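Undergrad: Structure file structure11.csv (CSV, N, CA and C atoms) is given on the next line.
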chain,number,residue,atom,x,y,z
A,1,SER,N,-7.6,12.9,-1.5
A,1,SER,CA,-8.7,13.2,-0.7
A,1,SER,C,-8.7,12.3,0.6
A,2,VAL,N,-9.5,12.7,1.5
A,2,VAL,CA,-9.6,11.9,2.8
A,2,VAL,C,-10.2,10.5,2.5
A,3,SER,N,-11.1,10.4,1.7
A,3,SER,CA,-11.7,9.1,1.4
A,3,SER,C,-10.7,8.2,0.7
A,4,GLU,N,-9.9,8.7,-0.2
A,4,GLU,CA,-8.9,7.9,-0.9
A,4,GLU,C,-7.8,7.5,0.1
A,5,ARG,N,-7.4,8.4,1.0
A,5,ARG,CA,-6.3,8.1,2.0
A,5,ARG,C,-6.9,7.0,2.9
A,6,LYS,N,-8.1,7.1,3.3
A,6,LYS,CA,-8.7,6.1,4.2
A,6,LYS,C,-8.7,4.7,3.5
A,7,LYS,N,-9.0,4.6,2.3
A,7,LYS,CA,-9.0,3.4,1.6
A,7,LYS,C,-7.6,2.8,1.5
A,8,ILE,N,-6.6,3.6,1.3
A,8,ILE,CA,-5.2,3.1,1.2
A,8,ILE,C,-4.8,2.6,2.6
A,9,LEU,N,-5.1,3.4,3.6
A,9,LEU,CA,-4.8,2.9,5.0
A,9,LEU,C,-5.5,1.7,5.4
A,10,GLU,N,-6.7,1.5,5.0
A,10,GLU,CA,-7.4,0.3,5.3
A,10,GLU,C,-6.8,-0.9,4.6
A,11,ALA,N,-6.3,-0.7,3.3
A,11,ALA,CA,-5.6,-1.8,2.6
A,11,ALA,C,-4.3,-2.2,3.4
A,12,ILE,N,-3.6,-1.1,3.9
A,12,ILE,CA,-2.3,-1.4,4.6
A,12,ILE,C,-2.7,-2.2,5.9
A,13,LYS,N,-3.7,-1.7,6.6
A,13,LYS,CA,-4.1,-2.4,7.8
A,13,LYS,C,-4.5,-3.8,7.5
A,14,TRP,N,-5.2,-4.1,6.5
A,14,TRP,CA,-5.6,-5.4,6.1
A,14,TRP,C,-4.3,-6.3,5.9
A,15,ALA,N,-3.4,-5.7,5.1
A,15,ALA,CA,-2.1,-6.5,4.9
A,15,ALA,C,-1.3,-6.7,6.1
A,16,GLN,N,-1.3,-5.8,7.1
A,16,GLN,CA,-0.6,-5.9,8.3
A,16,GLN,C,-1.2,-7.1,9.1
A,17,GLU,N,-2.5,-7.2,9.1
A,17,GLU,CA,-3.2,-8.3,9.8
A,17,GLU,C,-3.1,-9.6,9.1
A,18,ARG,N,-2.8,-9.6,7.9
A,18,ARG,CA,-2.7,-10.9,7.1
A,18,ARG,C,-1.3,-11.0,6.4
A,19,HIS,N,-0.3,-10.6,7.2
A,19,HIS,CA,1.1,-10.6,6.6
A,19,HIS,C,1.5,-11.9,6.0
A,20,ASP,N,1.0,-13.0,6.6
A,20,ASP,CA,1.4,-14.3,6.1
A,20,ASP,C,0.8,-14.6,4.7
A,21,ILE,N,-0.4,-14.2,4.5
A,21,ILE,CA,-1.0,-14.3,3.2
A,21,ILE,C,-0.3,-13.4,2.1
A,22,VAL,N,-0.1,-12.2,2.5
A,22,VAL,CA,0.6,-11.2,1.6
A,22,VAL,C,1.9,-11.7,1.3
A,23,GLY,N,2.7,-12.2,2.3
A,23,GLY,CA,4.0,-12.7,2.0
A,23,GLY,C,4.0,-13.9,1.0
A,24,ASP,N,3.1,-14.8,1.2
A,24,ASP,CA,3.0,-15.9,0.3
A,24,ASP,C,2.7,-15.5,-1.1
A,25,ILE,N,1.8,-14.5,-1.3
A,25,ILE,CA,1.4,-14.1,-2.6
A,25,ILE,C,2.6,-13.4,-3.3
A,26,ILE,N,3.3,-12.5,-2.6
A,26,ILE,CA,4.4,-11.8,-3.1
A,26,ILE,C,5.5,-12.8,-3.4
A,27,ALA,N,5.8,-13.7,-2.5
A,27,ALA,CA,6.9,-14.7,-2.7
A,27,ALA,C,6.6,-15.6,-3.9
A,28,GLY,N,5.4,-16.0,-4.1
A,28,GLY,CA,5.0,-16.9,-5.1
A,28,GLY,C,4.8,-16.3,-6.5
A,29,ALA,N,4.7,-14.9,-6.6
A,29,ALA,CA,4.4,-14.3,-7.8
A,29,ALA,C,5.7,-14.2,-8.7
A,30,ALA,N,5.5,-14.2,-10.0
A,30,ALA,CA,6.6,-14.1,-10.9
A,30,ALA,C,7.2,-12.7,-10.9
A,31,ASP,N,6.4,-11.7,-10.6
A,31,ASP,CA,6.9,-10.3,-10.5
A,31,ASP,C,5.9,-9.5,-9.7
A,32,SER,N,6.3,-8.2,-9.5
A,32,SER,CA,5.4,-7.3,-8.7
A,32,SER,C,4.0,-7.1,-9.4
A,33,LYS,N,4.1,-7.0,-10.7
A,33,LYS,CA,2.8,-6.8,-11.5
A,33,LYS,C,1.9,-8.0,-11.2
A,34,ASN,N,2.4,-9.2,-11.3
A,34,ASN,CA,1.6,-10.4,-11.0
A,34,ASN,C,1.1,-10.4,-9.6
A,35,ALA,N,1.9,-10.1,-8.6
A,35,ALA,CA,1.5,-10.0,-7.2
A,35,ALA,C,0.4,-9.0,-7.1
A,36,ARG,N,0.5,-7.9,-7.7
A,36,ARG,CA,-0.5,-6.8,-7.6
A,36,ARG,C,-1.8,-7.4,-8.2
A,37,GLN,N,-1.8,-8.0,-9.3
A,37,GLN,CA,-3.0,-8.6,-10.0
A,37,GLN,C,-3.6,-9.6,-9.1
A,38,GLN,N,-2.8,-10.5,-8.4
A,38,GLN,CA,-3.4,-11.5,-7.5
A,38,GLN,C,-4.1,-10.8,-6.4
A,39,LEU,N,-3.5,-9.8,-5.8
A,39,LEU,CA,-4.2,-9.1,-4.7
A,39,LEU,C,-5.5,-8.5,-5.2
A,40,MET,N,-5.5,-8.0,-6.4
A,40,MET,CA,-6.7,-7.4,-6.9
A,40,MET,C,-7.8,-8.4,-7.2
A,41,ASN,N,-7.4,-9.5,-7.8
A,41,ASN,CA,-8.3,-10.6,-8.1
A,41,ASN,C,-8.9,-11.3,-6.9
A,42,GLN,N,-8.0,-11.7,-6.0
A,42,GLN,CA,-8.4,-12.5,-4.8
A,42,GLN,C,-9.1,-11.7,-3.7
A,43,PHE,N,-8.7,-10.4,-3.6
A,43,PHE,CA,-9.3,-9.7,-2.4
A,43,PHE,C,-10.0,-8.4,-2.8
A,44,GLY,N,-10.2,-8.1,-4.1
A,44,GLY,CA,-11.0,-7.0,-4.5
A,44,GLY,C,-10.4,-5.6,-4.3
A,45,PHE,N,-9.0,-5.6,-4.2
A,45,PHE,CA,-8.4,-4.3,-4.1
A,45,PHE,C,-8.4,-3.6,-5.4
A,46,TYR,N,-8.4,-2.3,-5.5
A,46,TYR,CA,-8.1,-1.6,-6.7
A,46,TYR,C,-6.6,-1.4,-6.8
A,47,MET,N,-6.2,-1.0,-8.0
A,47,MET,CA,-4.7,-1.0,-8.3
A,47,MET,C,-3.9,-0.3,-7.3
A,48,GLU,N,-4.3,0.9,-6.9
A,48,GLU,CA,-3.5,1.7,-5.9
A,48,GLU,C,-3.4,1.0,-4.6
A,49,GLN,N,-4.5,0.4,-4.1
A,49,GLN,CA,-4.4,-0.4,-2.9
A,49,GLN,C,-3.4,-1.5,-3.0
A,50,ALA,N,-3.6,-2.3,-4.0
A,50,ALA,CA,-2.7,-3.5,-4.2
A,50,ALA,C,-1.2,-3.0,-4.3
A,51,GLN,N,-1.0,-1.9,-5.0
A,51,GLN,CA,0.4,-1.5,-5.2
A,51,GLN,C,1.0,-1.0,-3.9
A,52,VAL,N,0.2,-0.3,-3.1
A,52,VAL,CA,0.7,0.1,-1.8
A,52,VAL,C,1.1,-1.1,-0.9
A,53,ILE,N,0.3,-2.1,-1.0
A,53,ILE,CA,0.6,-3.3,-0.2
A,53,ILE,C,1.9,-3.9,-0.6
A,54,ILE,N,2.1,-4.0,-1.9
A,54,ILE,CA,3.4,-4.5,-2.5
A,54,ILE,C,4.5,-3.7,-2.1
A,55,ASP,N,4.3,-2.4,-2.0
A,55,ASP,CA,5.4,-1.4,-1.7
A,55,ASP,C,5.7,-1.3,-0.2
A,56,MET,N,4.9,-2.0,0.6
A,56,MET,CA,5.1,-1.8,2.1
A,56,MET,C,6.5,-2.4,2.5
A,57,ARG,N,7.1,-1.7,3.4
A,57,ARG,CA,8.3,-2.1,4.0
A,57,ARG,C,8.0,-3.0,5.2
A,58,LEU,N,8.9,-3.9,5.5
A,58,LEU,CA,8.7,-4.8,6.6
A,58,LEU,C,8.4,-4.1,7.9
A,59,ARG,N,8.9,-2.8,8.1
A,59,ARG,CA,8.7,-2.1,9.3
A,59,ARG,C,7.2,-1.8,9.6
A,60,MET,N,6.4,-1.9,8.5
A,60,MET,CA,5.0,-1.6,8.6
A,60,MET,C,4.3,-2.7,9.4
A,61,PHE,N,5.0,-3.8,9.6
A,61,PHE,CA,4.3,-4.9,10.3
A,61,PHE,C,4.6,-4.9,11.8
A,62,CYS,N,5.4,-3.9,12.2
A,62,CYS,CA,5.7,-3.8,13.7
A,62,CYS,C,4.5,-3.3,14.4
A,63,ASP,N,4.3,-3.6,15.6
A,63,ASP,CA,3.2,-3.3,16.4
A,63,ASP,C,3.0,-1.8,16.5
A,64,LYS,N,4.0,-1.0,16.7
A,64,LYS,CA,3.9,0.5,16.7
A,64,LYS,C,3.4,1.0,15.4
A,65,GLU,N,3.8,0.5,14.3
A,65,GLU,CA,3.3,1.0,13.0
A,65,GLU,C,1.9,0.6,12.8
A,66,ARG,N,1.5,-0.6,13.2
A,66,ARG,CA,0.1,-1.0,13.1
A,66,ARG,C,-0.8,0.0,13.9
A,67,LYS,N,-0.4,0.3,15.1
A,67,LYS,CA,-1.1,1.2,15.9
A,67,LYS,C,-1.3,2.6,15.2
A,68,LYS,N,-0.2,3.1,14.6
A,68,LYS,CA,-0.2,4.4,14.0
A,68,LYS,C,-1.2,4.4,12.8
A,69,ILE,N,-1.2,3.3,12.0
A,69,ILE,CA,-2.2,3.2,10.9
A,69,ILE,C,-3.6,3.2,11.5
A,70,SER,N,-3.9,2.4,12.5
A,70,SER,CA,-5.2,2.4,13.1
A,70,SER,C,-5.6,3.8,13.6
A,71,GLU,N,-4.7,4.5,14.2
A,71,GLU,CA,-5.0,5.8,14.8
A,71,GLU,C,-5.3,6.8,13.6
A,72,GLU,N,-4.6,6.7,12.5
A,72,GLU,CA,-4.8,7.6,11.4
A,72,GLU,C,-6.2,7.3,10.8
A,73,ILE,N,-6.5,6.0,10.6
A,73,ILE,CA,-7.8,5.7,10.1
A,73,ILE,C,-8.9,6.3,11.0
A,74,ASP,N,-8.8,6.1,12.3
A,74,ASP,CA,-9.8,6.6,13.2
A,74,ASP,C,-9.9,8.1,13.1
A,75,SER,N,-8.8,8.8,13.0
A,75,SER,CA,-8.8,10.2,12.8
A,75,SER,C,-9.5,10.7,11.5
A,76,LEU,N,-9.2,9.9,10.4
A,76,LEU,CA,-9.9,10.3,9.2
A,76,LEU,C,-11.4,10.0,9.2
A,77,VAL,N,-11.8,9.0,9.9
A,77,VAL,CA,-13.2,8.7,10.1
A,77,VAL,C,-13.9,9.8,10.9
A,78,SER,N,-13.2,10.2,12.0
A,78,SER,CA,-13.8,11.3,12.8
A,78,SER,C,-13.9,12.6,11.9
A,79,TYR,N,-12.8,12.9,11.2
A,79,TYR,CA,-12.8,14.1,10.3
A,79,TYR,C,-13.9,14.0,9.3
A,80,GLY,N,-14.1,12.8,8.7
A,80,GLY,CA,-15.2,12.7,7.7
A,80,GLY,C,-16.6,12.9,8.3
A,81,GLU,N,-16.8,12.3,9.5
A,81,GLU,CA,-18.0,12.5,10.2
A,81,GLU,C,-18.3,14.0,10.6
A,82,ALA,N,-17.2,14.6,11.1
A,82,ALA,CA,-17.4,16.1,11.4
A,82,ALA,C,-17.7,16.9,10.2
A,83,PHE,N,-17.0,16.5,9.1
A,83,PHE,CA,-17.2,17.3,7.8
A,83,PHE,C,-18.7,17.1,7.3
A,84,GLN,N,-19.2,15.9,7.4
A,84,GLN,CA,-20.6,15.6,7.0
A,84,GLN,C,-21.6,16.4,7.8
A,85,GLU,N,-21.3,16.6,9.1
A,85,GLU,CA,-22.2,17.4,10.0
A,85,GLU,C,-22.3,18.8,9.6
A,86,LEU,N,-21.3,19.3,8.9
A,86,LEU,CA,-21.4,20.7,8.5
A,86,LEU,C,-22.4,20.9,7.4
Spit out the file's structure as structure tokens when you get a sec.

TA:
Amino acid sequence: SVSERKKILEAIKWAQERHDIVGDIIAGAADSKNARQQLMNQFGFYMEQAQVIIDMRLRMFCDKERKKISEEIDSLVSYGEAFQEL
């Protein structure tokens, strides 16, 4: 759904903006399950959001990719607003 996609993209954007925190959590975790649980506990992500953060590739931190994520979020927000007006 549009709402779920927006939530996932917002989690990715959050991780892009805090790549140092995310990197520290992942590097310090015993495994990916532990890293996912830490993201959920410390920052309130639900499982799918935390997992997508862990699964992010380093290219997602590039400026161009950050802009693409922001643009897609804006597009989904506009779509949601237009849909609500109907």

Undergrad: Pick from A:Ser78, A:Glu65, A:Ser70, A:Ile53: nearest to A:Ala15, with all atoms listed in the file counted?

TA: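 Among the listed residues, the smallest separation from A:Ala15 belongs to A:Ile53.
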
Undergrad: Can you tell me which residues surround stretch 32-46 of chain A at a distance of at most 12 Å, considering only C-alpha atoms, apart from same-chain residues fewer than 3 positions away, and format the answer as a PyMOL selection string?

TA: chain A and resi 4+7-8+10-12+14-15+18+21-29+49-55

Undergrad: If you keep N, CA and C atoms, can you produce a file of those selected residues as a short mmCIF file (atom, residue, chain, number, x, y, z; two decimals), in the coordinates of the input?

TA:
data_model
loop_
_atom_site.label_atom_id
_atom_site.label_comp_id
_atom_site.auth_asym_id
_atom_site.auth_seq_id
_atom_site.Cartn_x
_atom_site.Cartn_y
_atom_site.Cartn_z
N GLU A 4 -9.90 8.70 -0.20
CA GLU A 4 -8.90 7.90 -0.90
C GLU A 4 -7.80 7.50 0.10
N LYS A 7 -9.00 4.60 2.30
CA LYS A 7 -9.00 3.40 1.60
C LYS A 7 -7.60 2.80 1.50
N ILE A 8 -6.60 3.60 1.30
CA ILE A 8 -5.20 3.10 1.20
C ILE A 8 -4.80 2.60 2.60
N GLU A 10 -6.70 1.50 5.00
CA GLU A 10 -7.40 0.30 5.30
C GLU A 10 -6.80 -0.90 4.60
N ALA A 11 -6.30 -0.70 3.30
CA ALA A 11 -5.60 -1.80 2.60
C ALA A 11 -4.30 -2.20 3.40
N ILE A 12 -3.60 -1.10 3.90
CA ILE A 12 -2.30 -1.40 4.60
C ILE A 12 -2.70 -2.20 5.90
N TRP A 14 -5.20 -4.10 6.50
CA TRP A 14 -5.60 -5.40 6.10
C TRP A 14 -4.30 -6.30 5.90
N ALA A 15 -3.40 -5.70 5.10
CA ALA A 15 -2.10 -6.50 4.90
C ALA A 15 -1.30 -6.70 6.10
N ARG A 18 -2.80 -9.60 7.90
CA ARG A 18 -2.70 -10.90 7.10
C ARG A 18 -1.30 -11.00 6.40
N ILE A 21 -0.40 -14.20 4.50
CA ILE A 21 -1.00 -14.30 3.20
C ILE A 21 -0.30 -13.40 2.10
N VAL A 22 -0.10 -12.20 2.50
CA VAL A 22 0.60 -11.20 1.60
C VAL A 22 1.90 -11.70 1.30
N GLY A 23 2.70 -12.20 2.30
CA GLY A 23 4.00 -12.70 2.00
C GLY A 23 4.00 -13.90 1.00
N ASP A 24 3.10 -14.80 1.20
CA ASP A 24 3.00 -15.90 0.30
C ASP A 24 2.70 -15.50 -1.10
N ILE A 25 1.80 -14.50 -1.30
CA ILE A 25 1.40 -14.10 -2.60
C ILE A 25 2.60 -13.40 -3.30
N ILE A 26 3.30 -12.50 -2.60
CA ILE A 26 4.40 -11.80 -3.10
C ILE A 26 5.50 -12.80 -3.40
N ALA A 27 5.80 -13.70 -2.50
CA ALA A 27 6.90 -14.70 -2.70
C ALA A 27 6.60 -15.60 -3.90
N GLY A 28 5.40 -16.00 -4.10
CA GLY A 28 5.00 -16.90 -5.10
C GLY A 28 4.80 -16.30 -6.50
N ALA A 29 4.70 -14.90 -6.60
CA ALA A 29 4.40 -14.30 -7.80
C ALA A 29 5.70 -14.20 -8.70
N GLN A 49 -4.50 0.40 -4.10
CA GLN A 49 -4.40 -0.40 -2.90
C GLN A 49 -3.40 -1.50 -3.00
N ALA A 50 -3.60 -2.30 -4.00
CA ALA A 50 -2.70 -3.50 -4.20
C ALA A 50 -1.20 -3.00 -4.30
N GLN A 51 -1.00 -1.90 -5.00
CA GLN A 51 0.40 -1.50 -5.20
C GLN A 51 1.00 -1.00 -3.90
N VAL A 52 0.20 -0.30 -3.10
CA VAL A 52 0.70 0.10 -1.80
C VAL A 52 1.10 -1.10 -0.90
N ILE A 53 0.30 -2.10 -1.00
CA ILE A 53 0.60 -3.30 -0.20
C ILE A 53 1.90 -3.90 -0.60
N ILE A 54 2.10 -4.00 -1.90
CA ILE A 54 3.40 -4.50 -2.50
C ILE A 54 4.50 -3.70 -2.10
N ASP A 55 4.30 -2.40 -2.00
CA ASP A 55 5.40 -1.40 -1.70
C ASP A 55 5.70 -1.30 -0.20
#

Undergrad: Between A:Phe83, A:Ser1, A:Leu9, A:Glu17, single out the one closest to A:Cys62, counting only C-alpha atoms.

TA: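 Of A:Phe83, A:Ser1, A:Leu9, A:Glu17, the one nearest A:Cys62, counting only C-alpha atoms, is A:Glu17.
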
Undergrad: Counting only C-alpha atoms, figure out which residue out of A:Met47, A:Val2, A:Ala30, A:Met56 gets nearest to A:Tyr79.

TA: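 Checking each of A:Met47, A:Val2, A:Ala30, A:Met56 against A:Tyr79, counting only C-alpha atoms, the winner is A:Val2.
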
Undergrad: Mind pulling up the distance from atom CA of A:Lys67 to atom CA of A:Glu48?

TA: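 Separation of atom CA of A:Glu48 and atom CA of A:Lys67: 21.9 Å.
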